[in-house]
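Asks: Please see the structure below; I have some questions.
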Amino acid sequence: MKISSLGKIFCGVVLLCAVGAVFGAERFPPPEFDSGYQQPTMVNPGARSNVLEYVDVAVLVAVMSLTCFLVYKKRSRKGIFWLMLGSILYFGFWREGCICSIGAIGNVVLSVFDTNYAIPLAGLLFFVLPLVFTLFFGRAFCAAACPLGAIQDIVLLKPVALPVWLAGTLRLFAYAYLAIAVLMAATGSAFVICRYDPFIAIFRLGGNVNMVVVGGCMLLIAVFVGRPYCRFLCPYGVILRQLSRVSRKRVTITPDECIKCRLCEDACPFGAINRPTAEWAEGDYRVNKKRLGVNILLLPVLVVVFGFAGYLLSGGASRAHVTVRLADRIYAEESGEVDDTTDASVAFRGTGMTIAELYGNAAKVQKQFVFGSILAGALVGLAAGVKLIRSSIQWKRSEYEADRAGCFSCGRCFKYCPIENVRLKKLSEQC
Amino acid sequence: MKKGMTKFELLTCIVVVLAIAVGVASLLMLDVTGKGGNRLRGDFVYDIGDQVVVDPALILYDELAESIKTGLEATRAIAVDNGGNVYVAGGAKVVVFDGAGQQINKFDFGGDVGCIALGRDGLVFAGVKDHVEVVSPDLSKRVSWGSLGDRAVLTSIAIDEDYVFVADAGNRVVVRYDMQGEVVGYIGRRDEDRNIGGFVIPSPYFDIAVADDGLLRVVNPGAHRIEAYTFDGDLEFSWGKAGSDIEDFCGCCNPVNFAIASDGSFITCEKGLDRVKVYGADEKFVGVVAGPEQLIGKGNAAVCQTPAQCQSGGFDVAVDAAGKVYVLDTIKNVVRIFEAKGGGQ
């Protein structure tokens, strides 16, 4: 039976009225205190919290739009810096790091795999909007809207350049993290990105001690190594990197033609400036051609090897799921491996579910993990293989360029360009 | 060390490597499954140590040395007839004991008995899951009343001259039957116009009794009070309040059971913090029959932690014409008998 739009609106209004008609009943008595503590009066939570979600979306769009304006029109690092501070205060400390585009990966994945889970619209927009902006303007989100990136950026005081091979290898961790995050969310095990967000405890001014330590260590590393989380761990960054490669606009170091003065060569603390390339000598060309052939052949091998590694790790990984953990525990209790019980095992025995049913459910989850872990491993193998292939290709560049995938659009390099300084009238053309 | 590495670069390397090591160690030590407990300070522990001990001056009853060993498992309900015989329900059986604790009769209802009551001519009314069964003492007559539905969980029966009231914890309502087993009304359904908020019943304990004033007393356990209804379902008044003081009802849902003595006083049973207390006919706290220390043992009193624990463990209580209080200990499956100190009621 089809319901007209008017009918849907009517049903919606009726449902809203029904919600309004719900009234509370006395249930648990409040605890008593001897200290003279006064119980606060219970009030209904306001509707503002829902509105705020959409305010957050509007702020996100505004920040990314302003970033594009500052990067492409004004070419202002100072403006981007202040915008970063604003994002840290708004999305970080005030909104306490949630909702976050990076963590939204888990929500999106779970909503795809679990039909009973519906992602909030604001969460979906937080996931999608930065991707759309990246397709058009590169990593505008990373530049100033992401509080995680921003907090690392502002503590970068003594940057140390990492060798290209090391940075490239470390980036594989981000692929692995993305694969694990997707696997855990798809199986309903955990939102690992949110759980292991290193800065959430800092933004919330409290939290698990271990995570505070992790956040502190990450910030300490970020003093020397530019944006370590963004470059080597961020799973959302993996997606943004690929979209940024094909973005409509891209950041340019110089506002005009590059004069290859080399002044910007070491300007980027993130290693995202590509130098002009020289033609390969005949000998080098032949060597690299061979290497390319080997690497292409290596690609399926890496996919299989990493996929197999995923298979081997699937058993351990499946213990992240609460059903598998519970089944393990019940098995240990039943087989006499342990003498005591846990709250979870006692609660399970109170549910009336049989142990066979529990084992059956756990086996289903384990199967999902086997399949998912192989795919996750294969993804990391594919990323490693493609990296090797890319390293064997000669990319022709005639001038210094911001790396399309790796550039965070932070604007640091602008001031190193003499052409830019001429544009800003800080230098005369003669100079 | 790479040739040409400056002191600053070396120091940076050391700091970064140390930071990575500490960060990774912190991550590995992170307790994501909750094995380490909640790590809250002792102030947050739900400590009922003070409530377990009852002021001896408030204890008005002595426990008799001999208890009745029921021989049943999973005892659930108790009733006492005018002759001092004690009826105990456990599992599918109801066993009758005389005043000396000797078994004199036994009924098998074929299903778990949740509650019992005694009618005229020695008729035994038993709530068997979703319906009432009525059995004559010599088993010559047995009648099954209609089911109250799949959700029904019968927890108490009270009998008046003309009506039988059945407490259905599953449907959160008291059903009024005539003596032939026909439903004639419902009591306690939420009705704003009649100022009835409905019953809050988190666990299967929902007791009722008819008092001499002609009103039905119904425990509203989640609201921690006993409510008085006319047989037509009008809420007249209620008494009792939540709190951990001795005169209050503690925990999530108490009292679990109660009985009305011949002088109109109320004997209440609480679970979790097991207490049997006396309230006068004017609903004022009078004293304690037995406290947690006596009923459970000092070190054993504890609040429930799991659904299974919270759904069970409630004691039942009955009182005979002489004022003797019979407490059905559902843990030890015995009937413990208490007499007022000095022999008075």
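Each chain in the structure tokens gets a letter, A, B and so on, in the order shown; residues start at 1 in every chain, and ligands are counted from 1 in the order they appear.
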Extract, using only C-alpha atoms, all DNA, RNA and protein residues at most 7 Å from Gly314 of chain B, discarding same-chain residues fewer than 6 positions from it, and format them as an MDAnalysis selection string.
Replies: chainID B and resid 256 270:271 330
Asks: Save out the residues we just selected, N, CA and C atoms, as a short mmCIF file (atom, residue, chain, number, x, y, z; two decimals), in the first residue's frame.
Replies:
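In the end it all went to result_29.cif:
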data_model
loop_
_atom_site.label_atom_id
_atom_site.label_comp_id
_atom_site.auth_asym_id
_atom_site.auth_seq_id
_atom_site.Cartn_x
_atom_site.Cartn_y
_atom_site.Cartn_z
N VAL B 256 8.76 -7.32 48.79
CA VAL B 256 8.43 -8.35 47.81
C VAL B 256 7.17 -9.11 48.23
N GLU B 270 11.47 -7.97 52.60
CA GLU B 270 12.25 -7.30 51.55
C GLU B 270 13.34 -8.24 51.05
N LYS B 271 13.68 -8.10 49.81
CA LYS B 271 14.79 -8.91 49.27
C LYS B 271 15.99 -8.00 49.01
N THR B 330 13.67 -18.94 51.12
CA THR B 330 13.73 -19.56 49.78
C THR B 330 15.16 -19.94 49.39
#
Asks: Using only C-alpha atoms, find which residues of chain B lie within 10 Å of chain A and jot them down as a PDB file with C-alpha atoms, in the first residue's frame.
Replies:
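Output (result_29.pdb):
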ATOM      1  CA  PHE B   8      69.700  17.391  17.892  1.00  0.00           C
ATOM      2  CA  GLU B   9      68.660  14.717  15.411  1.00  0.00           C
ATOM      3  CA  THR B  12      64.957  13.746  18.508  1.00  0.00           C
ATOM      4  CA  CYS B  13      65.294  10.105  17.506  1.00  0.00           C
ATOM      5  CA  VAL B  15      62.574  11.111  22.209  1.00  0.00           C
ATOM      6  CA  VAL B  16      60.434   9.858  19.317  1.00  0.00           C
ATOM      7  CA  VAL B  17      61.395   6.211  19.878  1.00  0.00           C
ATOM      8  CA  LEU B  18      60.700   6.528  23.616  1.00  0.00           C
ATOM      9  CA  ALA B  19      57.365   8.212  22.947  1.00  0.00           C
ATOM     10  CA  ILE B  20      56.419   5.442  20.500  1.00  0.00           C
ATOM     11  CA  ALA B  21      57.425   2.775  23.037  1.00  0.00           C
ATOM     12  CA  VAL B  22      55.444   4.395  25.868  1.00  0.00           C
ATOM     13  CA  GLY B  23      52.440   4.984  23.608  1.00  0.00           C
ATOM     14  CA  VAL B  24      52.407   1.412  22.324  1.00  0.00           C
ATOM     15  CA  ALA B  25      52.825   0.047  25.861  1.00  0.00           C
ATOM     16  CA  SER B  26      49.905   2.200  27.030  1.00  0.00           C
ATOM     17  CA  LEU B  27      47.775   0.907  24.195  1.00  0.00           C
ATOM     18  CA  LEU B  28      48.668  -2.693  24.942  1.00  0.00           C
ATOM     19  CA  MET B  29      47.852  -2.201  28.612  1.00  0.00           C
ATOM     20  CA  LEU B  30      44.494  -0.654  27.790  1.00  0.00           C
ATOM     21  CA  ASP B  31      41.686  -2.655  29.343  1.00  0.00           C
ATOM     22  CA  VAL B  32      39.077  -2.803  26.591  1.00  0.00           C
ATOM     23  CA  THR B  33      37.142  -5.803  27.857  1.00  0.00           C
ATOM     24  CA  LYS B  35      38.631  -7.221  33.014  1.00  0.00           C
ATOM     25  CA  GLY B 197      -0.073   5.380  37.850  1.00  0.00           C
ATOM     26  CA  GLY B 198       0.118   1.624  37.338  1.00  0.00           C
ATOM     27  CA  PHE B 199       2.356  -0.950  38.949  1.00  0.00           C
ATOM     28  CA  VAL B 200       6.131  -0.917  38.558  1.00  0.00           C
ATOM     29  CA  ILE B 201       7.263  -4.534  38.781  1.00  0.00           C
ATOM     30  CA  PRO B 202      10.915  -5.108  37.825  1.00  0.00           C
ATOM     31  CA  PRO B 221       7.296  -2.826  44.476  1.00  0.00           C
ATOM     32  CA  GLY B 222       9.043  -0.446  42.051  1.00  0.00           C
ATOM     33  CA  ALA B 223       7.359   2.462  43.786  1.00  0.00           C
ATOM     34  CA  HIS B 224       8.273   1.031  47.207  1.00  0.00           C
ATOM     35  CA  LYS B 241       8.578   5.109  50.855  1.00  0.00           C
ATOM     36  CA  ALA B 242      11.942   4.307  49.351  1.00  0.00           C
ATOM     37  CA  GLY B 243      15.069   4.633  51.446  1.00  0.00           C
ATOM     38  CA  SER B 244      17.722   2.672  53.213  1.00  0.00           C
ATOM     39  CA  ASP B 245      16.559   3.590  56.713  1.00  0.00           C
ATOM     40  CA  PHE B 249      11.868   0.027  51.691  1.00  0.00           C
ATOM     41  CA  CYS B 250      15.313  -0.377  50.177  1.00  0.00           C
ATOM     42  CA  GLY B 251      16.614  -1.537  46.798  1.00  0.00           C
ATOM     43  CA  CYS B 252      14.995  -1.571  43.395  1.00  0.00           C
ATOM     44  CA  CYS B 253      11.694  -3.196  44.289  1.00  0.00           C
ATOM     45  CA  GLN B 305      24.378  -8.085  40.494  1.00  0.00           C
ATOM     46  CA  THR B 306      22.912 -10.142  37.702  1.00  0.00           C
ATOM     47  CA  PRO B 307      19.428 -10.510  36.237  1.00  0.00           C
ATOM     48  CA  ALA B 308      19.240 -14.052  37.625  1.00  0.00           C
ATOM     49  CA  GLN B 309      20.066 -12.872  41.132  1.00  0.00           C
ATOM     50  CA  GLN B 311      14.809 -12.045  39.751  1.00  0.00           C
TER      51      GLN B 311
END
Asks: Would you pick out the contacts of segment 284-288 of chain B at 10 Å or less, using only C-alpha atoms, so that residues sharing its chain but fewer than 5 positions from it are not included, and give the list as a list in words?
Replies: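 Near segment 284-288 of chain B, the qualifying residues are Val54, Asp55, Pro56, Ala57, Leu58, Ile59, Leu60, Tyr61, Trp239, Gly240, Ile246, Glu247, Asp248, Ser265, Phe266, Ile267, Thr268, Arg275, Val276, Lys277, Val278 and Tyr279 of chain B.
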Asks: Please identify all polymer residues within 9 Å of segment 75-87 of chain B, counting only C-alpha atoms, omitting same-chain residues fewer than 6 positions from it, and present them as a PyMOL selection string.
Replies: chain B and resi 94-101+104+113-119+122+155-156+314-322+326-335
Asks: Export, as an mmCIF file, in the first residue's frame, the selected residues with N, CA and C atoms.
Replies:
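Listed below is the output, selection-v3.cif:
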data_model
loop_
_atom_site.group_PDB
_atom_site.id
_atom_site.type_symbol
_atom_site.label_atom_id
_atom_site.label_comp_id
_atom_site.auth_asym_id
_atom_site.auth_seq_id
_atom_site.Cartn_x
_atom_site.Cartn_y
_atom_site.Cartn_z
ATOM 1 N N VAL B 94 2.858 -28.499 46.310
ATOM 2 C CA VAL B 94 2.495 -27.784 47.537
ATOM 3 C C VAL B 94 2.439 -28.827 48.641
ATOM 4 N N VAL B 95 3.219 -28.608 49.694
ATOM 5 C CA VAL B 95 3.286 -29.567 50.794
ATOM 6 C C VAL B 95 2.675 -28.911 52.034
ATOM 7 N N VAL B 96 1.898 -29.714 52.788
ATOM 8 C CA VAL B 96 1.242 -29.199 53.990
ATOM 9 C C VAL B 96 1.911 -29.809 55.224
ATOM 10 N N PHE B 97 2.235 -28.949 56.194
ATOM 11 C CA PHE B 97 2.860 -29.405 57.446
ATOM 12 C C PHE B 97 1.946 -29.023 58.604
ATOM 13 N N ASP B 98 1.914 -29.874 59.610
ATOM 14 C CA ASP B 98 1.142 -29.496 60.803
ATOM 15 C C ASP B 98 2.014 -28.621 61.710
ATOM 16 N N GLY B 99 1.435 -28.216 62.822
ATOM 17 C CA GLY B 99 2.138 -27.299 63.718
ATOM 18 C C GLY B 99 3.449 -27.855 64.220
ATOM 19 N N ALA B 100 3.585 -29.188 64.231
ATOM 20 C CA ALA B 100 4.824 -29.805 64.708
ATOM 21 C C ALA B 100 5.848 -29.976 63.591
ATOM 22 N N GLY B 101 5.470 -29.551 62.386
ATOM 23 C CA GLY B 101 6.416 -29.642 61.265
ATOM 24 C C GLY B 101 6.376 -30.955 60.529
ATOM 25 N N ILE B 104 1.654 -33.482 56.287
ATOM 26 C CA ILE B 104 0.339 -34.139 56.399
ATOM 27 C C ILE B 104 -0.374 -34.224 55.061
ATOM 28 N N VAL B 113 4.482 -23.664 40.701
ATOM 29 C CA VAL B 113 3.490 -22.908 41.470
ATOM 30 C C VAL B 113 4.148 -21.613 41.946
ATOM 31 N N GLY B 114 3.540 -20.483 41.565
ATOM 32 C CA GLY B 114 4.116 -19.185 41.943
ATOM 33 C C GLY B 114 3.514 -18.625 43.214
ATOM 34 N N CYS B 115 2.281 -19.067 43.543
ATOM 35 C CA CYS B 115 1.624 -18.501 44.713
ATOM 36 C C CYS B 115 0.516 -19.447 45.176
ATOM 37 N N ILE B 116 0.162 -19.342 46.448
ATOM 38 C CA ILE B 116 -0.943 -20.165 46.984
ATOM 39 C C ILE B 116 -1.801 -19.313 47.922
ATOM 40 N N ALA B 117 -3.046 -19.715 48.056
ATOM 41 C CA ALA B 117 -3.938 -19.101 49.047
ATOM 42 C C ALA B 117 -4.942 -20.167 49.481
ATOM 43 N N LEU B 118 -5.503 -19.957 50.669
ATOM 44 C CA LEU B 118 -6.404 -20.968 51.214
ATOM 45 C C LEU B 118 -7.815 -20.405 51.296
ATOM 46 N N GLY B 119 -8.761 -21.161 50.734
ATOM 47 C CA GLY B 119 -10.149 -20.715 50.733
ATOM 48 C C GLY B 119 -10.970 -21.480 51.743
ATOM 49 N N GLY B 122 -11.094 -25.625 53.128
ATOM 50 C CA GLY B 122 -9.750 -26.168 52.891
ATOM 51 C C GLY B 122 -9.327 -26.162 51.432
ATOM 52 N N THR B 155 1.683 -14.208 40.849
ATOM 53 C CA THR B 155 2.595 -14.121 42.004
ATOM 54 C C THR B 155 1.878 -14.069 43.343
ATOM 55 N N SER B 156 0.575 -13.853 43.332
ATOM 56 C CA SER B 156 -0.126 -13.799 44.623
ATOM 57 C C SER B 156 -1.628 -13.982 44.416
ATOM 58 N N GLY B 314 13.649 -13.649 46.940
ATOM 59 C CA GLY B 314 12.717 -13.003 47.854
ATOM 60 C C GLY B 314 12.074 -14.016 48.787
ATOM 61 N N PHE B 315 12.034 -13.696 50.083
ATOM 62 C CA PHE B 315 11.383 -14.573 51.051
ATOM 63 C C PHE B 315 9.881 -14.269 51.060
ATOM 64 N N ASP B 316 9.099 -15.267 51.481
ATOM 65 C CA ASP B 316 7.656 -15.028 51.641
ATOM 66 C C ASP B 316 7.322 -15.118 53.127
ATOM 67 N N VAL B 317 6.190 -14.560 53.467
ATOM 68 C CA VAL B 317 5.841 -14.496 54.879
ATOM 69 C C VAL B 317 4.352 -14.785 55.060
ATOM 70 N N ALA B 318 4.035 -15.427 56.189
ATOM 71 C CA ALA B 318 2.627 -15.652 56.569
ATOM 72 C C ALA B 318 2.537 -15.480 58.080
ATOM 73 N N VAL B 319 1.345 -15.197 58.530
ATOM 74 C CA VAL B 319 1.179 -15.019 59.966
ATOM 75 C C VAL B 319 -0.090 -15.766 60.394
ATOM 76 N N ASP B 320 -0.016 -16.453 61.534
ATOM 77 C CA ASP B 320 -1.200 -17.213 61.957
ATOM 78 C C ASP B 320 -2.043 -16.393 62.930
ATOM 79 N N ALA B 321 -3.140 -16.970 63.367
ATOM 80 C CA ALA B 321 -4.088 -16.230 64.211
ATOM 81 C C ALA B 321 -3.465 -15.816 65.535
ATOM 82 N N ALA B 322 -2.462 -16.576 65.977
ATOM 83 C CA ALA B 322 -1.822 -16.252 67.254
ATOM 84 C C ALA B 322 -0.709 -15.225 67.102
ATOM 85 N N TYR B 326 5.625 -16.780 60.084
ATOM 86 C CA TYR B 326 6.299 -17.871 59.357
ATOM 87 C C TYR B 326 7.014 -17.267 58.156
ATOM 88 N N VAL B 327 8.307 -17.373 58.168
ATOM 89 C CA VAL B 327 9.092 -16.814 57.060
ATOM 90 C C VAL B 327 9.605 -17.968 56.211
ATOM 91 N N LEU B 328 9.245 -17.949 54.930
ATOM 92 C CA LEU B 328 9.746 -18.990 54.027
ATOM 93 C C LEU B 328 11.112 -18.548 53.509
ATOM 94 N N ASP B 329 12.149 -19.241 53.978
ATOM 95 C CA ASP B 329 13.512 -18.954 53.544
ATOM 96 C C ASP B 329 13.728 -19.680 52.209
ATOM 97 N N THR B 330 13.667 -18.938 51.116
ATOM 98 C CA THR B 330 13.734 -19.559 49.782
ATOM 99 C C THR B 330 15.161 -19.937 49.392
ATOM 100 N N ILE B 331 16.109 -19.551 50.223
ATOM 101 C CA ILE B 331 17.498 -19.964 49.947
ATOM 102 C C ILE B 331 17.745 -21.352 50.537
ATOM 103 N N LYS B 332 17.346 -21.505 51.825
ATOM 104 C CA LYS B 332 17.562 -22.805 52.494
ATOM 105 C C LYS B 332 16.362 -23.727 52.349
ATOM 106 N N ASN B 333 15.270 -23.196 51.777
ATOM 107 C CA ASN B 333 14.032 -23.977 51.595
ATOM 108 C C ASN B 333 13.504 -24.530 52.922
ATOM 109 N N VAL B 334 13.510 -23.665 53.910
ATOM 110 C CA VAL B 334 12.941 -24.027 55.216
ATOM 111 C C VAL B 334 11.969 -22.930 55.637
ATOM 112 N N VAL B 335 11.085 -23.298 56.568
ATOM 113 C CA VAL B 335 10.181 -22.288 57.137
ATOM 114 C C VAL B 335 10.714 -21.924 58.513
#
Asks: Compile a residue-level contact table for segment 115-184 of chain A against segment 85-98 of chain A at a cut-off of 8 Å, reporting for every qualifying residue the shortest atom pair and its distance in Å to one decimal, with only C-alpha atoms counted, rows ordered by chain and ascending number, as a tab-separated table.
Replies:
residue	atom	partner	partner_atom	distance
A:Ala144	CA	A:Ser87	CA	6.7
A:Ala145	CA	A:Ser87	CA	5.6
A:Cys146	CA	A:Ser87	CA	6.8
A:Pro147	CA	A:Ile88	CA	4.7
A:Leu148	CA	A:Ile88	CA	7.8
A:Ala150	CA	A:Ile88	CA	6.5
A:Ile151	CA	A:Ile88	CA	6.5
Asks: How would the residues just picked look written out with N, CA and C atoms as a tab-separated table (two decimals), in the first residue's frame?
Replies:
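The resulting result_12.tsv:
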chain	number	residue	atom	x	y	z
A	144	ALA	N	42.36	22.49	8.06
A	144	ALA	CA	41.98	23.28	9.23
A	144	ALA	C	40.74	22.78	9.94
A	145	ALA	N	39.94	21.94	9.30
A	145	ALA	CA	38.66	21.55	9.93
A	145	ALA	C	38.82	20.40	10.91
A	146	CYS	N	39.83	19.56	10.69
A	146	CYS	CA	39.99	18.38	11.56
A	146	CYS	C	40.75	18.78	12.83
A	147	PRO	N	40.13	18.64	13.98
A	147	PRO	CA	40.81	19.04	15.22
A	147	PRO	C	42.01	18.15	15.53
A	148	LEU	N	41.97	16.91	15.07
A	148	LEU	CA	43.09	16.00	15.33
A	148	LEU	C	44.33	16.46	14.55
A	150	ALA	N	44.74	19.50	13.38
A	150	ALA	CA	45.10	20.86	13.80
A	150	ALA	C	45.95	20.85	15.07
A	151	ILE	N	45.59	20.00	16.02
A	151	ILE	CA	46.33	20.01	17.29
A	151	ILE	C	47.76	19.51	17.09
Asks: Give me the residues near Asp108 of chain B as a ChimeraX atom specification, where near means some atom within 12 Å (using only C-alpha atoms) and where sequence neighbours in that chain fewer than 4 positions away do not count.
Replies: /B:88-96,112-113,124,126,128,133-135,137,139,142
Asks: Identify, on the basis of only C-alpha atoms, every residue whose closest approach to Leu110 of chain A does not exceed 7 Å; exclude the query and any residue fewer than 3 positions from it along the same chain; express the result as a PyMOL selection string.
Replies: chain A and resi 106-107+113-114+117+185-186+188
Asks: Write a file of the selected residues as a PDB file, in the first residue's frame, keeping N, CA and C atoms.
Replies:
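So result-v9.pdb came out as:
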ATOM      1  N   GLY A 106      33.330   4.161  11.164  1.00  0.00           N
ATOM      2  CA  GLY A 106      32.734   3.022  11.868  1.00  0.00           C
ATOM      3  C   GLY A 106      31.220   3.031  11.754  1.00  0.00           C
ATOM      4  N   ASN A 107      30.619   4.206  11.945  1.00  0.00           N
ATOM      5  CA  ASN A 107      29.156   4.305  11.864  1.00  0.00           C
ATOM      6  C   ASN A 107      28.661   3.964  10.461  1.00  0.00           C
ATOM      7  N   PHE A 113      26.438  -2.848   7.073  1.00  0.00           N
ATOM      8  CA  PHE A 113      26.424  -4.291   7.364  1.00  0.00           C
ATOM      9  C   PHE A 113      25.329  -4.713   8.350  1.00  0.00           C
ATOM     10  N   ASP A 114      24.823  -3.789   9.118  1.00  0.00           N
ATOM     11  CA  ASP A 114      23.800  -4.127  10.098  1.00  0.00           C
ATOM     12  C   ASP A 114      22.537  -3.329   9.792  1.00  0.00           C
ATOM     13  N   TYR A 117      20.987  -1.026  12.375  1.00  0.00           N
ATOM     14  CA  TYR A 117      21.672   0.177  12.825  1.00  0.00           C
ATOM     15  C   TYR A 117      21.465   1.292  11.808  1.00  0.00           C
ATOM     16  N   ALA A 185      34.085  -2.795  12.654  1.00  0.00           N
ATOM     17  CA  ALA A 185      32.763  -2.163  12.585  1.00  0.00           C
ATOM     18  C   ALA A 185      31.784  -3.069  11.843  1.00  0.00           C
ATOM     19  N   ALA A 186      32.255  -3.691  10.757  1.00  0.00           N
ATOM     20  CA  ALA A 186      31.364  -4.539   9.949  1.00  0.00           C
ATOM     21  C   ALA A 186      30.870  -5.744  10.737  1.00  0.00           C
ATOM     22  N   GLY A 188      30.448  -5.696  13.916  1.00  0.00           N
ATOM     23  CA  GLY A 188      29.767  -5.225  15.126  1.00  0.00           C
ATOM     24  C   GLY A 188      30.597  -5.420  16.378  1.00  0.00           C
TER      25      GLY A 188
END
Asks: List every residue of segment 27-268 of chain A that DSSP, applied to the backbone of this structure, assigns to alpha helix (DSSP H), and report them as an NGL selection string.
Replies: :A and (48-68 or 77-87 or 104-113 or 121-137 or 140 or 147-154 or 164-170 or 172-186 or 192-195 or 200-203 or 209-224 or 228-232 or 235-245)
Asks: From the options A:Ala118, A:Ile102, A:Leu66, A:Val109, which residue's atoms come nearest to Ile239 of chain A, counting only C-alpha atoms?
Replies: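 Looking at the shortest contact to Ile239 of chain A, the residue is A:Ile102.
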Asks: Considering only C-alpha atoms, return as a list in words whatever protein or nucleic-acid residues lie within 12 Å of Arg423 of chain A, sequence-local ones (same chain, fewer than 5 positions apart) excluded.
Replies: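 Here the answer would be Lys74, Arg75, Thr254, Pro255, Asp256, Phe414, Lys415, Cys417, Pro418, Ser428 and Glu429 of chain A.
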Asks: Limited to N, CA and C atoms, could you put the picked residues into a file as a compact mmCIF listing (two decimals), in the first residue's frame?
Replies:
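Listing of selection-v2.txt after writing:
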# COMPACT_ATOMS: atom_id res chain seq x y z
N LYS A 74 43.31 33.63 -0.93
CA LYS A 74 44.16 34.48 -0.10
C LYS A 74 45.57 33.93 0.04
N ARG A 75 45.72 32.62 -0.11
CA ARG A 75 47.02 31.96 0.10
C ARG A 75 47.61 32.42 1.44
N THR A 254 53.64 27.95 -5.81
CA THR A 254 53.83 29.29 -6.35
C THR A 254 52.53 29.78 -7.00
N PRO A 255 52.27 31.06 -6.89
CA PRO A 255 51.05 31.58 -7.52
C PRO A 255 51.22 31.74 -9.03
N ASP A 256 52.45 31.62 -9.49
CA ASP A 256 52.71 31.80 -10.92
C ASP A 256 53.60 30.65 -11.38
N PHE A 414 53.85 28.50 1.12
CA PHE A 414 53.60 29.71 0.32
C PHE A 414 54.70 30.75 0.51
N LYS A 415 55.04 30.97 1.77
CA LYS A 415 55.94 32.08 2.06
C LYS A 415 57.38 31.81 1.59
N CYS A 417 58.12 30.83 -1.36
CA CYS A 417 58.21 31.09 -2.79
C CYS A 417 58.46 32.58 -3.03
N PRO A 418 59.53 32.92 -3.72
CA PRO A 418 59.81 34.35 -3.98
C PRO A 418 58.72 34.99 -4.84
N SER A 428 60.66 42.98 -4.34
CA SER A 428 60.45 43.61 -5.64
C SER A 428 60.77 42.59 -6.72
N GLU A 429 60.24 42.80 -7.91
CA GLU A 429 60.46 41.85 -9.00
C GLU A 429 61.94 41.73 -9.35
Asks: Taking into account only C-alpha atoms, which residue in the set B:Ala65, B:Leu215, B:Leu148, B:Leu10 is nearest to His131 of chain B?
Replies: B:Leu148
Asks: What's the separation between atom CA of Ala384 of chain A and atom CA of Cys230 of chain A, in Å to one decimal place?
Replies: 18.3 Å
Asks: Among segment 182-341 of chain B, which residues does DSSP mark as strand (DSSP E) when it is run on the backbone? Keep the chain and numbering as in the structure and answer as a PyMOL selection string.
Replies: chain B and resi 183-187+208-210+216-220+225-229+235-239+257-260+266-270+275-279+285-290+316-319+325-329+334-340
